[in-house]
Amino acid sequence: MSKQKQTEQIRAAKGFIAALDQSGGSTPKALRLYGVEEDAYGSEQEMFDLIHQMRSRIIKSTAFTGDRIAGAILFEMTMDRDIDGVPTATYLWQERGVVPFLKVDKGLADEAEGVQLMKPMPELDALLDKAAAKGIFGTKMRSVINAASPSGIAAVVAQQFEIGKQILAHGLMPIIEPEVTISIADKAEAEEILLAEIKKQLDALPGDSQVMLKLTLPEAANHYKPLVDHPRVLCVVALSGGYSRDEANARLAQNSGMIASFSRALTEGLSAQQTDGEFDKVLATSIDSIFQASLAG
């Protein structure tokens, strides 16, 4: 029953997906933006304790509910931890009404042919089994496109869908994320190639399989509308990709059927030094603006 209800919540796309999945490489920056400098922790364990405190504070905020936030993407270590003695994924769904997702990729390989594929994931099956047992609904995995390279983009999309099928076989919903770097000169051309490659892979999915897509906000409004309308797509979400929250919201509002899945743009303005009241107020303003932009499209 819960799985069906979660699927319908994501399909309805009333709200957005919060990306709370900073991993080891991006955690120091996330903490720094939160007002916690690197001299505040002396080990990786202490660093992850602090980022879990930050994520727990966000999730427990009165502003963080399923009314505006359809889902949240977690880092593995966050999934393995508790909030107030309750496993994080369980807490998200039962206490906040937010559908839990898990980041499963192990980072990016070196650039080749203008793209960065995902590193090998030999332990993925075991991770997916653990995720399913912990009540995770779906997963997210990220590749990066740095040039309008037909061969490179084809390789990125093929890898994403190959692993996506592995995830579907475990009863989980894959979020396929081939990020296009926002600063490249040929971004629009890369997005044209990406659209064609994704459509090709979607059309080849077996049976009534569905996936989700997480895509960089495009240069042309509604560029990805054919994917929003595709029967093999449960939902299309947008990543902020380094845009400020205001610019990301403005771009998102121009894209019909896409909802946000923001990370840095969501936590912009939050600080460890804020009182709980101040923190909740800033987070509520952020959530409301992203929610409204998600609805506007």
# chains A, B, ... in the order shown; residues from 1 in each chain; ligands from 1

call {"tool": "residues_around", "arguments": {"residues": "Met141 of chain A", "least_positions_apart": "6", "cutoff": "7 Å", "atoms": "only C-alpha atoms", "output": "NGL selection string"}}
result
:A and (103-105 or 175-177)

call {"tool": "residues_around", "arguments": {"residues": "Leu252 of chain A", "least_positions_apart": "2", "cutoff": "12 Å", "atoms": "only C-alpha atoms", "output": "ChimeraX atom specification"}}
result
/A:16,215-224,236-241,243-250,254-262,289-297

call {"tool": "write_last_selection", "arguments": {"atoms": "N, CA and C atoms", "output": "compact mmCIF listing (two decimals), in the first residue's frame"}}
result
# COMPACT_ATOMS: atom_id res chain seq x y z
N PHE A 16 8.26 19.14 -4.67
CA PHE A 16 9.56 18.93 -5.32
C PHE A 16 10.35 17.91 -4.52
N LEU A 215 17.31 16.25 -14.76
CA LEU A 215 17.99 16.91 -15.86
C LEU A 215 18.33 18.36 -15.52
N THR A 216 19.43 18.83 -16.08
CA THR A 216 19.81 20.23 -15.93
C THR A 216 18.75 21.11 -16.57
N LEU A 217 18.43 22.23 -15.94
CA LEU A 217 17.46 23.17 -16.52
C LEU A 217 17.93 23.59 -17.91
N PRO A 218 17.10 23.40 -18.93
CA PRO A 218 17.56 23.58 -20.31
C PRO A 218 17.59 25.03 -20.77
N GLU A 219 18.33 25.26 -21.86
CA GLU A 219 18.42 26.60 -22.44
C GLU A 219 17.10 27.01 -23.10
N ALA A 220 16.43 26.07 -23.75
CA ALA A 220 15.15 26.34 -24.40
C ALA A 220 14.02 25.84 -23.50
N ALA A 221 13.09 26.74 -23.18
CA ALA A 221 11.96 26.36 -22.32
C ALA A 221 11.21 25.17 -22.94
N ASN A 222 10.82 24.24 -22.07
CA ASN A 222 10.05 23.05 -22.46
C ASN A 222 10.79 22.12 -23.42
N HIS A 223 12.12 22.23 -23.45
CA HIS A 223 12.91 21.35 -24.31
C HIS A 223 12.65 19.87 -23.98
N TYR A 224 12.44 19.59 -22.69
CA TYR A 224 12.27 18.20 -22.27
C TYR A 224 10.80 17.79 -22.12
N VAL A 236 9.73 13.95 -14.20
CA VAL A 236 10.98 14.62 -14.59
C VAL A 236 11.28 15.71 -13.58
N VAL A 237 12.47 15.65 -12.98
CA VAL A 237 12.87 16.66 -12.01
C VAL A 237 14.09 17.41 -12.54
N ALA A 238 14.27 18.61 -12.03
CA ALA A 238 15.35 19.48 -12.51
C ALA A 238 16.39 19.68 -11.42
N LEU A 239 17.66 19.66 -11.80
CA LEU A 239 18.72 19.99 -10.85
C LEU A 239 19.12 21.45 -11.04
N SER A 240 19.54 22.07 -9.96
CA SER A 240 19.88 23.51 -10.04
C SER A 240 21.24 23.73 -10.67
N GLY A 241 22.14 22.75 -10.55
CA GLY A 241 23.38 22.75 -11.32
C GLY A 241 24.33 23.90 -11.09
N TYR A 243 23.18 27.11 -10.51
CA TYR A 243 22.42 28.35 -10.60
C TYR A 243 22.02 28.78 -9.18
N SER A 244 21.91 30.08 -8.96
CA SER A 244 21.37 30.56 -7.68
C SER A 244 19.92 30.11 -7.58
N ARG A 245 19.36 30.14 -6.37
CA ARG A 245 17.97 29.71 -6.21
C ARG A 245 17.03 30.57 -7.05
N ASP A 246 17.26 31.87 -7.10
CA ASP A 246 16.36 32.74 -7.88
C ASP A 246 16.41 32.40 -9.36
N GLU A 247 17.61 32.20 -9.89
CA GLU A 247 17.71 31.88 -11.32
C GLU A 247 17.17 30.48 -11.60
N ALA A 248 17.47 29.53 -10.72
CA ALA A 248 16.96 28.17 -10.91
C ALA A 248 15.43 28.18 -10.89
N ASN A 249 14.85 28.92 -9.96
CA ASN A 249 13.38 29.00 -9.89
C ASN A 249 12.80 29.63 -11.15
N ALA A 250 13.45 30.70 -11.63
CA ALA A 250 12.95 31.39 -12.84
C ALA A 250 13.00 30.46 -14.04
N GLN A 254 9.58 28.09 -16.30
CA GLN A 254 9.34 28.13 -17.74
C GLN A 254 9.19 26.73 -18.34
N ASN A 255 9.32 25.69 -17.53
CA ASN A 255 9.33 24.32 -18.04
C ASN A 255 8.15 23.53 -17.50
N SER A 256 7.17 23.33 -18.35
CA SER A 256 5.93 22.68 -17.96
C SER A 256 6.16 21.22 -17.57
N GLY A 257 5.63 20.85 -16.41
CA GLY A 257 5.67 19.46 -15.97
C GLY A 257 6.92 19.04 -15.25
N MET A 258 7.96 19.90 -15.22
CA MET A 258 9.17 19.60 -14.46
C MET A 258 9.05 20.15 -13.06
N ILE A 259 9.55 19.40 -12.08
CA ILE A 259 9.60 19.90 -10.71
C ILE A 259 11.05 19.95 -10.27
N ALA A 260 11.31 20.65 -9.19
CA ALA A 260 12.68 20.84 -8.73
C ALA A 260 13.22 19.61 -8.01
N SER A 261 14.53 19.43 -8.09
CA SER A 261 15.26 18.54 -7.18
C SER A 261 16.56 19.26 -6.86
N PHE A 262 16.46 20.23 -5.98
CA PHE A 262 17.58 21.14 -5.70
C PHE A 262 18.32 20.71 -4.44
N SER A 289 9.45 29.08 -2.19
CA SER A 289 9.82 29.62 -3.49
C SER A 289 10.05 28.51 -4.52
N ILE A 290 10.69 27.41 -4.07
CA ILE A 290 10.96 26.28 -4.97
C ILE A 290 9.65 25.56 -5.29
N PHE A 291 8.78 25.45 -4.32
CA PHE A 291 7.46 24.83 -4.52
C PHE A 291 6.65 25.61 -5.56
N GLN A 292 6.64 26.92 -5.40
CA GLN A 292 5.87 27.76 -6.33
C GLN A 292 6.43 27.67 -7.75
N ALA A 293 7.77 27.63 -7.88
CA ALA A 293 8.39 27.51 -9.20
C ALA A 293 8.08 26.14 -9.82
N SER A 294 8.01 25.11 -8.98
CA SER A 294 7.68 23.77 -9.47
C SER A 294 6.24 23.73 -9.98
N LEU A 295 5.35 24.39 -9.27
CA LEU A 295 3.95 24.45 -9.69
C LEU A 295 3.77 25.29 -10.95
N ALA A 296 4.56 26.35 -11.06
CA ALA A 296 4.39 27.31 -12.17
C ALA A 296 4.62 26.67 -13.53
N GLY A 297 5.58 25.74 -13.58
CA GLY A 297 5.86 25.08 -14.85
C GLY A 297 4.76 24.19 -15.28

call {"tool": "residues_around", "arguments": {"residues": "Ala70 of chain A", "least_positions_apart": "2", "cutoff": "8 Å", "atoms": "only C-alpha atoms", "output": "ChimeraX atom specification"}}
result
/A:9-10,13-17,66-68,72,97-99

call {"tool": "write_last_selection", "arguments": {"atoms": "N, CA and C atoms", "output": "tab-separated table (two decimals), in the first residue's frame"}}
result
chain	number	residue	atom	x	y	z
A	9	GLN	N	2.27	9.72	-5.20
A	9	GLN	CA	2.74	11.03	-4.73
A	9	GLN	C	3.78	11.60	-5.68
A	10	ILE	N	4.69	10.76	-6.17
A	10	ILE	CA	5.71	11.22	-7.11
A	10	ILE	C	5.09	11.52	-8.47
A	13	ALA	N	3.45	14.85	-8.70
A	13	ALA	CA	4.43	15.94	-8.80
A	13	ALA	C	3.92	17.24	-8.17
A	14	LYS	N	3.24	17.12	-7.04
A	14	LYS	CA	2.79	18.32	-6.32
A	14	LYS	C	3.80	18.59	-5.22
A	15	GLY	N	4.80	19.35	-5.56
A	15	GLY	CA	5.91	19.61	-4.65
A	15	GLY	C	7.20	19.43	-5.40
A	16	PHE	N	8.26	19.14	-4.67
A	16	PHE	CA	9.56	18.93	-5.32
A	16	PHE	C	10.35	17.91	-4.52
A	17	ILE	N	11.50	17.53	-5.06
A	17	ILE	CA	12.34	16.53	-4.39
A	17	ILE	C	13.58	17.22	-3.83
A	66	GLY	N	5.47	16.68	3.51
A	66	GLY	CA	5.02	16.17	2.23
A	66	GLY	C	4.04	17.08	1.50
A	67	ASP	N	3.54	18.11	2.17
A	67	ASP	CA	2.66	19.06	1.48
A	67	ASP	C	3.38	19.79	0.36
A	68	ARG	N	4.67	20.04	0.56
A	68	ARG	CA	5.45	20.77	-0.43
A	68	ARG	C	6.63	19.96	-0.97
A	72	ALA	N	12.78	13.02	-0.94
A	72	ALA	CA	14.10	13.49	-0.54
A	72	ALA	C	15.14	12.43	-0.88
A	97	GLY	N	5.91	12.45	5.71
A	97	GLY	CA	5.14	12.22	4.49
A	97	GLY	C	5.95	12.47	3.23
A	98	VAL	N	7.28	12.24	3.33
A	98	VAL	CA	8.21	12.50	2.22
A	98	VAL	C	8.78	11.17	1.74
A	99	VAL	N	8.75	10.94	0.43
A	99	VAL	CA	9.20	9.68	-0.16
A	99	VAL	C	10.73	9.62	-0.16

call {"tool": "select_by_dssp", "arguments": {"residues": "segment 136-264 of chain A", "states": "alpha helix (DSSP H)", "output": "number ranges by chain"}}
result
A: 150-168, 187-203, 225-228, 245-252, 264

call {"tool": "select_by_dssp", "arguments": {"residues": "segment 218-256 of chain A", "states": "strand (DSSP E)", "output": "MDAnalysis selection string"}}
result
chainID A and resid 233:239

call {"tool": "closest_residue", "arguments": {"among": "A:Leu31, A:Ala133, A:Ile59, A:Thr267", "to": "Glu46 of chain A", "atoms": "only C-alpha atoms"}}
result
A:Leu31

call {"tool": "closest_residue", "arguments": {"among": "A:Asp129, A:Glu38, A:Glu197, A:Glu189", "to": "Phe161 of chain A", "atoms": "only C-alpha atoms"}}
result
A:Glu197

call {"tool": "closest_residue", "arguments": {"among": "A:Arg96, A:Arg142, A:Arg32, A:Lys3", "to": "Ser56 of chain A", "atoms": "only C-alpha atoms"}}
result
A:Arg96

call {"tool": "residues_around", "arguments": {"residues": "Pro100 of chain A", "least_positions_apart": "3", "cutoff": "10 Å", "atoms": "only C-alpha atoms", "output": "list in words"}}
result
Gln6, Ile17, Ala18, Ala70, Gly71, Ala72, Ile73, Leu74, Met79, Thr88, Ala89, Thr90, Tyr91, Leu92, Trp93, Gly97, Ala131, Lys134, Gly135, Ile136, Phe137, Gly138 and Thr139 of chain A

call {"tool": "decode", "arguments": {"residues": "segment 108-259 of chain A", "atoms": "C-alpha atoms", "output": "compact mmCIF listing (two decimals), in the first residue's frame"}}
result
# COMPACT_ATOMS: atom_id res chain seq x y z
CA LEU A 108 32.60 10.01 -11.60
CA ALA A 109 35.26 8.45 -13.80
CA ASP A 110 37.85 10.65 -15.53
CA GLU A 111 36.58 12.65 -18.48
CA ALA A 112 36.65 11.01 -21.90
CA GLU A 113 34.88 12.08 -25.11
CA GLY A 114 33.57 15.19 -23.35
CA VAL A 115 31.75 13.30 -20.58
CA GLN A 116 32.27 11.63 -17.22
CA LEU A 117 30.70 8.22 -16.85
CA MET A 118 29.95 6.74 -13.45
CA LYS A 119 32.63 4.68 -11.74
CA PRO A 120 31.97 0.92 -11.54
CA MET A 121 29.52 -0.17 -8.83
CA PRO A 122 30.41 -3.81 -8.08
CA GLU A 123 28.48 -3.79 -4.78
CA LEU A 124 25.31 -2.24 -6.24
CA ASP A 125 23.13 -5.35 -5.85
CA ALA A 126 23.94 -5.58 -2.15
CA LEU A 127 23.27 -1.85 -1.68
CA LEU A 128 19.93 -2.13 -3.49
CA ASP A 129 18.90 -5.06 -1.28
CA LYS A 130 19.78 -3.03 1.81
CA ALA A 131 17.93 0.02 0.49
CA ALA A 132 14.78 -1.98 -0.23
CA ALA A 133 14.92 -3.49 3.27
CA LYS A 134 15.20 -0.01 4.80
CA GLY A 135 12.11 1.29 2.98
CA ILE A 136 13.81 3.27 0.21
CA PHE A 137 11.48 3.93 -2.75
CA GLY A 138 14.02 4.79 -5.44
CA THR A 139 17.59 5.68 -6.28
CA LYS A 140 19.61 8.42 -7.95
CA MET A 141 22.84 8.22 -9.94
CA ARG A 142 24.74 11.02 -11.66
CA SER A 143 26.90 11.31 -14.78
CA VAL A 144 28.22 14.57 -16.25
CA ILE A 145 28.21 15.95 -19.80
CA ASN A 146 30.84 18.63 -20.50
CA ALA A 147 30.52 18.91 -24.30
CA ALA A 148 28.05 18.30 -27.13
CA SER A 149 29.75 14.99 -27.95
CA PRO A 150 27.38 12.54 -29.69
CA SER A 151 29.46 9.47 -28.78
CA GLY A 152 30.06 10.63 -25.21
CA ILE A 153 26.42 11.50 -24.54
CA ALA A 154 25.27 8.21 -26.05
CA ALA A 155 27.66 6.37 -23.70
CA VAL A 156 26.39 8.31 -20.67
CA VAL A 157 22.75 7.59 -21.41
CA ALA A 158 23.39 3.92 -22.26
CA GLN A 159 25.23 3.40 -18.96
CA GLN A 160 22.48 5.16 -17.00
CA PHE A 161 19.74 3.01 -18.50
CA GLU A 162 21.73 -0.21 -18.17
CA ILE A 163 22.12 0.37 -14.44
CA GLY A 164 18.55 1.69 -14.27
CA LYS A 165 17.30 -1.73 -15.39
CA GLN A 166 19.37 -3.36 -12.64
CA ILE A 167 17.70 -1.04 -10.12
CA LEU A 168 14.21 -1.78 -11.50
CA ALA A 169 14.93 -5.51 -11.05
CA HIS A 170 15.21 -4.85 -7.29
CA GLY A 171 11.78 -3.21 -7.22
CA LEU A 172 13.18 0.32 -6.86
CA MET A 173 12.57 3.41 -8.99
CA PRO A 174 15.73 4.76 -10.68
CA ILE A 175 16.29 8.49 -11.10
CA ILE A 176 18.51 8.77 -14.16
CA GLU A 177 20.69 11.90 -13.97
CA PRO A 178 22.87 12.84 -16.96
CA GLU A 179 23.82 16.35 -15.81
CA VAL A 180 24.81 18.91 -18.44
CA THR A 181 27.36 21.37 -17.05
CA ILE A 182 25.71 24.81 -17.07
CA SER A 183 28.86 26.73 -18.06
CA ILE A 184 29.70 24.97 -21.35
CA ALA A 185 29.46 26.99 -24.57
CA ASP A 186 27.58 24.26 -26.46
CA LYS A 187 25.01 23.50 -23.73
CA ALA A 188 22.00 23.83 -26.06
CA GLU A 189 23.58 21.48 -28.60
CA ALA A 190 24.38 18.96 -25.86
CA GLU A 191 20.75 19.09 -24.74
CA GLU A 192 19.52 18.33 -28.27
CA ILE A 193 21.70 15.21 -28.41
CA LEU A 194 20.72 14.22 -24.87
CA LEU A 195 16.99 14.45 -25.62
CA ALA A 196 17.33 12.15 -28.64
CA GLU A 197 19.42 9.59 -26.73
CA ILE A 198 17.04 9.48 -23.76
CA LYS A 199 14.02 9.04 -26.05
CA LYS A 200 15.80 6.16 -27.78
CA GLN A 201 16.46 4.39 -24.47
CA LEU A 202 12.95 5.04 -23.13
CA ASP A 203 11.37 3.58 -26.24
CA ALA A 204 13.44 0.41 -25.73
CA LEU A 205 12.39 -0.17 -22.10
CA PRO A 206 10.57 -3.48 -21.68
CA GLY A 207 6.91 -3.86 -20.78
CA ASP A 208 5.41 -1.09 -18.70
CA SER A 209 8.68 -0.17 -16.94
CA GLN A 210 9.02 3.44 -15.83
CA VAL A 211 11.99 5.54 -14.72
CA MET A 212 12.46 9.06 -13.43
CA LEU A 213 14.75 11.64 -15.00
CA LYS A 214 16.80 14.36 -13.31
CA LEU A 215 17.99 16.91 -15.86
CA THR A 216 19.81 20.23 -15.93
CA LEU A 217 17.46 23.17 -16.52
CA PRO A 218 17.56 23.58 -20.31
CA GLU A 219 18.42 26.60 -22.44
CA ALA A 220 15.15 26.34 -24.40
CA ALA A 221 11.96 26.36 -22.32
CA ASN A 222 10.05 23.05 -22.46
CA HIS A 223 12.91 21.35 -24.31
CA TYR A 224 12.27 18.20 -22.27
CA LYS A 225 8.45 18.26 -22.55
CA PRO A 226 8.51 15.14 -24.80
CA LEU A 227 10.11 13.30 -21.86
CA VAL A 228 7.59 14.68 -19.35
CA ASP A 229 4.83 13.25 -21.57
CA HIS A 230 6.55 9.92 -22.30
CA PRO A 231 4.64 6.87 -20.95
CA ARG A 232 7.88 5.34 -19.62
CA VAL A 233 8.59 8.36 -17.40
CA LEU A 234 7.07 8.63 -13.92
CA CYS A 235 8.38 12.16 -13.29
CA VAL A 236 10.98 14.62 -14.59
CA VAL A 237 12.87 16.66 -12.01
CA ALA A 238 15.35 19.48 -12.51
CA LEU A 239 18.72 19.99 -10.85
CA SER A 240 19.88 23.51 -10.04
CA GLY A 241 23.38 22.75 -11.32
CA GLY A 242 25.05 25.76 -9.71
CA TYR A 243 22.42 28.35 -10.60
CA SER A 244 21.37 30.56 -7.68
CA ARG A 245 17.97 29.71 -6.21
CA ASP A 246 16.36 32.74 -7.88
CA GLU A 247 17.71 31.88 -11.32
CA ALA A 248 16.96 28.17 -10.91
CA ASN A 249 13.38 29.00 -9.89
CA ALA A 250 12.95 31.39 -12.84
CA ARG A 251 14.19 28.77 -15.30
CA LEU A 252 12.13 26.02 -13.72
CA ALA A 253 8.92 28.07 -13.95
CA GLN A 254 9.34 28.13 -17.74
CA ASN A 255 9.33 24.32 -18.04
CA SER A 256 5.93 22.68 -17.96
CA GLY A 257 5.67 19.46 -15.97
CA MET A 258 9.17 19.60 -14.46
CA ILE A 259 9.60 19.90 -10.71
